[in-house]
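Novice: I am attaching a structure below and will ask some questions about it afterwards.
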Amino acid sequence: MWQTLILLFWFAIPGWAEPPSFLDPGPGRTVPIFGAPFVVPTEHNQRDSIPIVKEAPSGAYVSVGFERSFVGAAITPAATHLVILDRNPNLVQLARYNAGLLALARDRADYLQLRLKGNAETIRQRTENSQVASDYRQALLDPETEKLFDIHVREKRTDHFFFGPWGAGRRETFSVFHSPPPNKGGEYGYRDANYLHDDKLFERLQAMARAGNISAAKAELSDKTQVKSVVAKLAERSVGLSVLDVSDTWYHSNRQRISFLTPSESLDLWQSFGAVAKPESVLLMTAWDSREKRVADARPGVGGYWKWIYFGMTYENVMNTGTAATTLNRIVDYYHTYGQGNPAWAGRLDQTPSSWPPLNRPGCLLAFLRLLTSTH
């Protein structure tokens with residue numbers, strides 16, 4: 001999730017796509033580093049972002065992360081495009097590989113078979129007998145990318161671990177995401193947001209992949225030149241911004257010595273996309289909700305999960321530098337005060353702003369003209 005950017009693009013090109021995908025990102029490669037961190041999705045309540053993204057205008061869903069970005073585009077009704085920019089070339093290759101599987105699949109059941117039980121020979125035969133974007137084809141036929149997908153997604157090997165703020169060395173798996181919904185209902189991870197088990201969501205993503213409009217390329221979110229190059233390509237194609245999903249890259253804490261992007265880098269990133277945004281385009285931000293207890297999953301043997309918080313702001317406010325800067329500072333302050341297990345905060349973030357407890361210092365979110373959060 002860190003400095004990962006994924007944009008999803010869907011163009012009305014009939015049939016299959018032989019040329020490269022939208023960004024024309026060039027040949028991909030894997031590198032002999034420790035896998036691809038943040039492949040396993042951890043935002044199991046991602047449906048809580050739907051109240052924010054459901055009103056976004058048509059255009060590109062620009063996101064960070066691997067699987068969470070596919071999910072985000074799938075649950076955004078007006079999303080028409082998706083592209084991936086990440087500083088980790090292994091994650092980029094995995095995204096291209098997954099886009100290739102979406103394009104190859106005959107239907108959702110076939111996609112599940114390819115994703116969960118596919119092997120190199122099966123994938124090779126299907127790829128050579130199909131027309132897919134050239135960057136997908138390269139990833140699908142690359143032995144190292146196949147190995148990465150086997151390890152991190154199919155989980156045929158168990159020698160990889162998740163290193164992150166939830167505990168170094170604790171292994172996260174795809175069990176919550178891959179498991180089908182429970183027969184008897186109840187709460188479960190990725191409810192209403194899992195394209196693996198929802199025909200409508202799957203078909204939305206597959207249409208993008210078949211048109212060659214899911215792109216992935218290596219880039220840094222803090223690099224103004226690289227970001228502006230992507231924006232320029234969107235403008236050239238007359239593709240506007242639907243959602244800019246920055247996940248928790250906005251988080252910056254001097255006291256905790258954590259910084260994904262500095263505040264100035266975040267503002268530069270957000271406002272760079274203003275060139276292709278409408279006033280109602282949406283900036284989406286997330287934060288891990290450490291106040292919540294682990295949620296039990298209704299599916300036997302799946303285990304539980306932690307919830308995340310979702311914030312949203314329209315681009316009318318993002319492009320007002322004073323409002324955007326103040327809002328970012330207030331989110332950070334609010335999260336420090338009430339989002340890190342502070343016993344003084346016993347309420348829920350799905351309450352209206354007027355019901356939130358007052359803060360003793362500047363830092364409340366009163367400046368938000370549009371702030372939507374979890375709707376558990």
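Letters A, B, ... go to the chains of the structure tokens in the order shown; residues in each chain start at 1; ligands are counted from 1 in the same order.
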Could you give me, as a PyMOL selection string, the residues within 6 Å of Ser58 in chain A, counting only C-alpha atoms and dropping anything in the same chain fewer than 6 positions from it?
Specialist: chain A and resi 78-79+242
Novice: Since we have the selection now, will you write its residues out, keeping N, CA, C and O atoms, as a compact mmCIF listing (two decimals), in the first residue's frame?
Specialist:
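Saved as selection-v7.txt:
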```
# COMPACT_ATOMS: atom_id res chain seq x y z
N ALA A 78 -19.07 4.17 -11.35
CA ALA A 78 -18.72 4.98 -12.51
C ALA A 78 -17.27 4.81 -12.97
O ALA A 78 -16.86 5.44 -13.93
N ALA A 79 -16.50 3.97 -12.29
CA ALA A 79 -15.10 3.76 -12.68
C ALA A 79 -15.03 3.17 -14.07
O ALA A 79 -15.69 2.17 -14.36
N SER A 242 -12.15 9.80 -11.58
CA SER A 242 -13.30 9.40 -10.78
C SER A 242 -12.94 9.45 -9.30
O SER A 242 -13.49 10.22 -8.53
```
Novice: Per residue of range 96-149 of chain A within 8 Å of range 193-211 of chain A, which atom pair is closest and at what distance in Å (one decimal), using only C-alpha atoms, listed by chain and increasing number, as a Markdown table?
Specialist:
```
| residue | atom | partner | partner_atom | distance |
| --- | --- | --- | --- | --- |
| A:Ala99 | CA | A:Ala209 | CA | 5.5 |
| A:Gly100 | CA | A:Ala209 | CA | 6.9 |
| A:Leu102 | CA | A:Gln206 | CA | 5.2 |
| A:Ala103 | CA | A:Arg210 | CA | 4.6 |
| A:Leu104 | CA | A:Arg210 | CA | 7.9 |
| A:Arg108 | CA | A:Phe202 | CA | 6.6 |
| A:Leu112 | CA | A:Leu196 | CA | 6.9 |
| A:Val132 | CA | A:Arg210 | CA | 6.9 |
```
Novice: Out of range 234-311 of chain A, which residues get helix (DSSP H, G or I) from DSSP, as a ChimeraX atom specification?
Specialist: /A:234-236,263-276
Novice: Using Å and a single decimal, report how far CA of Phe273 in chain A sits from CA of Glu55 in chain A.
Specialist: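 CA of Phe273 in chain A lies 18.1 Å from CA of Glu55 in chain A.
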Novice: Go ahead and compute the interatomic distance for CA of Gly240 in chain A and CA of Ser49 in chain A, in Å to one decimal.
Specialist: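 Calculated distance between CA of Gly240 in chain A and CA of Ser49 in chain A is 20.3 Å.
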